[in-house]
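Participant: There's a structure below that I have some questions on.
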Amino acid sequence: MRFATYMYKGNEYAGVQLADKMYSFDVLIGEKMSMLDFIRRYEGKPLPDFLPSGDGIPAGDVTLLAPIPYPFRNIFCIGKNYEDHAKEVRETIQSNQDENLIPQSPIYFTKTAVPAMGDGSKISLHAHLTQKADYEAELGVIIGKTITRATREQAAGAIFGYTVINDITARDVQKKHSQWFFGKSLDGFCPIGPNIVSADEIAFPPALNIKCRVNGETRQSSNTSNLIFDIPHIISELSQGITLRPGDIIATGTPAGIGHAMTPPQYLKPGDVVECEIEKIGVLTNYF
């Protein structure tokens, strides 16, 4: 099942995409609610078996927003979680780090997304602040159940669904401030979408092809099975000290192919079109 948040005739709705039509929650269950409201309503419960009705809106008539436009707290992110990406990074934040270091434990950080941008959104490159904006295609995990001190085996049952995230990063800001938060949290730097695919649609743990294209040129191409620290590890470890709650979003890391690591580096510029694609989920397209 595909869940989406969208604008239609000046109003915001959350609901389900069935075939080529959108059905809002107020039509399907008789109550208008946000995606966060819905995830929390069905925490740990089977999802309704939604069926098409005559009240659907053609998908082509709506403007997609991020599935969760205003996450209730920062996005949980994992750095250097593909071996090929860890090896390609040429400039590190800490000068004493080995540039080819493969993490022995997950590198956790967060980024803001207020609001998260949706599929088709135009994103400012913040030229007054950065000249080195970069893309990072990532698999996003949406938590659907309160979970604390979870085992690896309990991780799958805590997932509501999956989405695509572009962890846009200002590399020069990241280096200047010797940390990752600011350079990854500029306004608009967290597109999410185009929708959420429910966890029951994708075998666990996900082994999905992941790609990023810039102006049609493939820059990143890998598979989520190549994660150094897989989703069960991430959810279990985080939950040992942080209670994960319905609507939390985890960005699981990006594979090799970032513009920063190319020779010469290829940063985003005005007019660029970036497509982040994950098998069985879809394509997240943004304009810069």
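Lettering and numbering for the structure tokens are positional, with chains as A, B, ... in the shown order, residues counted from 1 in each chain, and ligands counted from 1 in the shown order.
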Name the residues in contact with range 265-272 of chain A at a cut-off of 7 Å, using only C-alpha atoms, excluding same-chain residues fewer than 2 positions from it; report them as a list in words.

Facilitator: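 The residues that qualify are Lys132, Ala133, Asp134, Val214, Asn215, Gly259, His260, Ala261, Met262, Thr263, Val274, Tyr287 and Phe288 of chain A.
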
Participant: Print the selection's residues with N, CA, C and O atoms to a file, as a PDB file, in the first residue's frame.

Facilitator:
ATOM      1  N   LYS A 132      29.058  24.268  -2.390  1.00  0.00           N
ATOM      2  CA  LYS A 132      29.341  22.838  -2.533  1.00  0.00           C
ATOM      3  C   LYS A 132      28.167  21.983  -2.049  1.00  0.00           C
ATOM      4  O   LYS A 132      28.333  21.066  -1.235  1.00  0.00           O
ATOM      5  N   ALA A 133      26.977  22.273  -2.549  1.00  0.00           N
ATOM      6  CA  ALA A 133      25.810  21.454  -2.213  1.00  0.00           C
ATOM      7  C   ALA A 133      25.888  20.136  -2.975  1.00  0.00           C
ATOM      8  O   ALA A 133      26.232  20.093  -4.160  1.00  0.00           O
ATOM      9  N   ASP A 134      25.574  19.060  -2.300  1.00  0.00           N
ATOM     10  CA  ASP A 134      25.744  17.709  -2.844  1.00  0.00           C
ATOM     11  C   ASP A 134      24.493  16.880  -2.560  1.00  0.00           C
ATOM     12  O   ASP A 134      23.702  17.198  -1.672  1.00  0.00           O
ATOM     13  N   VAL A 214      21.726  12.785 -11.869  1.00  0.00           N
ATOM     14  CA  VAL A 214      21.783  14.242 -11.946  1.00  0.00           C
ATOM     15  C   VAL A 214      21.705  14.614 -13.420  1.00  0.00           C
ATOM     16  O   VAL A 214      22.562  14.220 -14.207  1.00  0.00           O
ATOM     17  N   ASN A 215      20.646  15.314 -13.797  1.00  0.00           N
ATOM     18  CA  ASN A 215      20.406  15.679 -15.201  1.00  0.00           C
ATOM     19  C   ASN A 215      20.473  14.454 -16.111  1.00  0.00           C
ATOM     20  O   ASN A 215      21.007  14.501 -17.214  1.00  0.00           O
ATOM     21  N   GLY A 259      28.861  13.772  -5.536  1.00  0.00           N
ATOM     22  CA  GLY A 259      29.593  14.734  -6.348  1.00  0.00           C
ATOM     23  C   GLY A 259      30.897  15.176  -5.724  1.00  0.00           C
ATOM     24  O   GLY A 259      31.874  15.469  -6.416  1.00  0.00           O
ATOM     25  N   HIS A 260      30.946  15.218  -4.411  1.00  0.00           N
ATOM     26  CA  HIS A 260      32.132  15.650  -3.668  1.00  0.00           C
ATOM     27  C   HIS A 260      33.333  14.761  -3.947  1.00  0.00           C
ATOM     28  O   HIS A 260      34.488  15.220  -3.890  1.00  0.00           O
ATOM     29  N   ALA A 261      33.085  13.485  -4.264  1.00  0.00           N
ATOM     30  CA  ALA A 261      34.178  12.530  -4.434  1.00  0.00           C
ATOM     31  C   ALA A 261      34.601  12.360  -5.896  1.00  0.00           C
ATOM     32  O   ALA A 261      35.526  11.614  -6.183  1.00  0.00           O
ATOM     33  N   MET A 262      33.940  13.072  -6.814  1.00  0.00           N
ATOM     34  CA  MET A 262      34.297  12.945  -8.225  1.00  0.00           C
ATOM     35  C   MET A 262      35.556  13.748  -8.530  1.00  0.00           C
ATOM     36  O   MET A 262      35.969  14.618  -7.756  1.00  0.00           O
ATOM     37  N   THR A 263      36.195  13.455  -9.657  1.00  0.00           N
ATOM     38  CA  THR A 263      37.390  14.174 -10.082  1.00  0.00           C
ATOM     39  C   THR A 263      37.134  14.837 -11.432  1.00  0.00           C
ATOM     40  O   THR A 263      37.051  14.161 -12.450  1.00  0.00           O
ATOM     41  N   VAL A 274      17.660  16.440  -9.918  1.00  0.00           N
ATOM     42  CA  VAL A 274      18.182  15.255  -9.224  1.00  0.00           C
ATOM     43  C   VAL A 274      17.057  14.262  -9.014  1.00  0.00           C
ATOM     44  O   VAL A 274      15.991  14.607  -8.488  1.00  0.00           O
ATOM     45  N   TYR A 287      14.200  19.877  -8.156  1.00  0.00           N
ATOM     46  CA  TYR A 287      14.776  20.878  -9.051  1.00  0.00           C
ATOM     47  C   TYR A 287      15.519  21.913  -8.216  1.00  0.00           C
ATOM     48  O   TYR A 287      15.006  22.384  -7.202  1.00  0.00           O
ATOM     49  N   PHE A 288      16.722  22.272  -8.649  1.00  0.00           N
ATOM     50  CA  PHE A 288      17.576  23.136  -7.839  1.00  0.00           C
ATOM     51  C   PHE A 288      17.813  24.482  -8.542  1.00  0.00           C
ATOM     52  O   PHE A 288      17.840  24.571  -9.741  1.00  0.00           O
TER      53      PHE A 288
END

Participant: Quick one, how far is CA of Glu138 in chain A from CA of Pro255 in chain A?

Facilitator: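 A separation of 8.0 Å between them.
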
Participant: Using only C-alpha atoms, which protein or nucleic acid residues come within 10 Å of range 7-23 of chain A? Drop anything in the same chain fewer than 4 positions from it, and give the result as number ranges by chain.

Facilitator: A: 1-3, 27-29, 32-38, 50-65, 67-68, 195-197

Participant: Could you list, with a cut-off of 10 Å and counting only C-alpha atoms, the residues of range 176-233 of chain A near range 101-120 of chain A, each shown with its nearest atom pair and the distance in Å rounded to one decimal, rows sorted by chain and ascending number, as a Markdown table?

Facilitator:
| residue | atom | partner | partner_atom | distance |
| --- | --- | --- | --- | --- |
| A:Gln179 | CA | A:Phe109 | CA | 9.3 |
| A:Trp180 | CA | A:Phe109 | CA | 7.3 |
| A:Phe181 | CA | A:Lys111 | CA | 5.8 |
| A:Phe182 | CA | A:Lys111 | CA | 7.9 |
| A:Gly183 | CA | A:Lys111 | CA | 8.9 |
| A:Lys184 | CA | A:Lys111 | CA | 6.0 |
| A:Ser185 | CA | A:Lys111 | CA | 5.1 |
| A:Leu186 | CA | A:Thr112 | CA | 7.9 |
| A:Asp187 | CA | A:Val114 | CA | 7.3 |
| A:Gly188 | CA | A:Met117 | CA | 6.0 |
| A:Phe189 | CA | A:Ala113 | CA | 7.4 |
| A:Cys190 | CA | A:Ala116 | CA | 5.5 |
| A:Pro191 | CA | A:Met117 | CA | 4.2 |
| A:Ile192 | CA | A:Gly118 | CA | 5.6 |
| A:Gly193 | CA | A:Asp119 | CA | 5.7 |
| A:Pro194 | CA | A:Asp119 | CA | 5.1 |
| A:Asn195 | CA | A:Asp119 | CA | 8.5 |
| A:Ile228 | CA | A:Pro103 | CA | 8.4 |
| A:Phe229 | CA | A:Pro106 | CA | 6.7 |
| A:Asp230 | CA | A:Pro106 | CA | 9.8 |
| A:His233 | CA | A:Pro106 | CA | 9.1 |

Participant: Where does DSSP see helix (DSSP H, G or I) in range 69-261 of chain A, if you list the residues as a PyMOL selection string?

Facilitator: chain A and resi 83-88+152-158+171-176+181-184+199-201+224-226+231-239+259-261

Participant: Quick one: residues within 10 Å of range 150-160 of chain A, only C-alpha atoms counted, chain neighbours fewer than 5 positions away excluded, as an mmCIF file with C-alpha atoms, in the first residue's frame?

Facilitator:
data_model
loop_
_atom_site.group_PDB
_atom_site.id
_atom_site.type_symbol
_atom_site.label_atom_id
_atom_site.label_comp_id
_atom_site.auth_asym_id
_atom_site.auth_seq_id
_atom_site.Cartn_x
_atom_site.Cartn_y
_atom_site.Cartn_z
ATOM 1 C CA ILE A 39 0.544 6.163 11.803
ATOM 2 C CA TYR A 42 -2.742 2.263 13.834
ATOM 3 C CA GLU A 43 0.336 1.772 16.010
ATOM 4 C CA GLY A 44 0.946 -1.957 16.232
ATOM 5 C CA LEU A 47 -3.733 -1.615 8.559
ATOM 6 C CA VAL A 141 12.599 3.873 7.260
ATOM 7 C CA ILE A 142 9.379 5.078 8.891
ATOM 8 C CA ILE A 143 8.829 3.753 12.412
ATOM 9 C CA GLY A 144 5.266 2.655 13.141
ATOM 10 C CA LYS A 145 5.406 1.378 16.695
ATOM 11 C CA ILE A 196 5.582 5.699 1.795
ATOM 12 C CA VAL A 197 5.336 2.049 0.799
ATOM 13 C CA SER A 198 3.976 -0.069 3.649
ATOM 14 C CA ALA A 199 6.388 -2.550 5.204
ATOM 15 C CA ASP A 200 4.314 -5.561 4.146
ATOM 16 C CA ALA A 203 10.671 -8.326 2.040
ATOM 17 C CA PHE A 204 12.692 -7.782 5.216
ATOM 18 C CA PRO A 205 15.452 -6.789 5.397
ATOM 19 C CA ASP A 230 21.617 -3.167 8.445
ATOM 20 C CA ILE A 231 18.190 -1.954 9.506
ATOM 21 C CA PRO A 232 17.758 -4.501 12.341
ATOM 22 C CA HIS A 233 21.093 -3.358 13.781
ATOM 23 C CA ILE A 234 20.210 0.339 13.525
ATOM 24 C CA ILE A 235 16.742 0.034 15.063
ATOM 25 C CA SER A 236 17.897 -2.281 17.816
ATOM 26 C CA GLU A 237 20.930 -0.181 18.749
ATOM 27 C CA LEU A 238 19.147 3.178 18.695
ATOM 28 C CA SER A 239 16.319 1.798 20.793
ATOM 29 C CA GLN A 240 18.700 0.730 23.547
ATOM 30 C CA THR A 243 12.672 5.182 22.554
ATOM 31 C CA LEU A 244 11.661 5.155 18.882
ATOM 32 C CA ARG A 245 8.121 6.358 18.269
ATOM 33 C CA PRO A 246 5.540 6.168 15.483
ATOM 34 C CA GLY A 247 6.473 8.627 12.772
ATOM 35 C CA ASP A 248 10.203 8.661 13.479
ATOM 36 C CA ILE A 249 12.246 8.664 10.267
#

Participant: Based on the backbone DSSP call, show me all residues of range 35-203 of chain A assigned strand (DSSP E or B), as a count of residues only.

Facilitator: 46

Participant: Just want the 8 Å neighbourhood of Glu279 in chain A, counted on only C-alpha atoms, with same-chain residues fewer than 5 positions away dropped. Output as a ChimeraX atom specification.

Facilitator: /A:208-210

Participant: Could you turn the residues from that selection into a file that holds N, CA, C and O atoms, as a PDB file, in the first residue's frame?

Facilitator:
ATOM      1  N   LEU A 208      17.086  -3.676  -2.059  1.00  0.00           N
ATOM      2  CA  LEU A 208      16.497  -2.875  -3.130  1.00  0.00           C
ATOM      3  C   LEU A 208      17.575  -2.099  -3.883  1.00  0.00           C
ATOM      4  O   LEU A 208      18.482  -1.529  -3.277  1.00  0.00           O
ATOM      5  N   ASN A 209      17.456  -2.065  -5.193  1.00  0.00           N
ATOM      6  CA  ASN A 209      18.368  -1.248  -5.975  1.00  0.00           C
ATOM      7  C   ASN A 209      18.135   0.229  -5.658  1.00  0.00           C
ATOM      8  O   ASN A 209      16.993   0.686  -5.546  1.00  0.00           O
ATOM      9  N   ILE A 210      19.220   0.982  -5.496  1.00  0.00           N
ATOM     10  CA  ILE A 210      19.145   2.402  -5.170  1.00  0.00           C
ATOM     11  C   ILE A 210      20.027   3.165  -6.149  1.00  0.00           C
ATOM     12  O   ILE A 210      21.163   2.769  -6.420  1.00  0.00           O
TER      13      ILE A 210
END
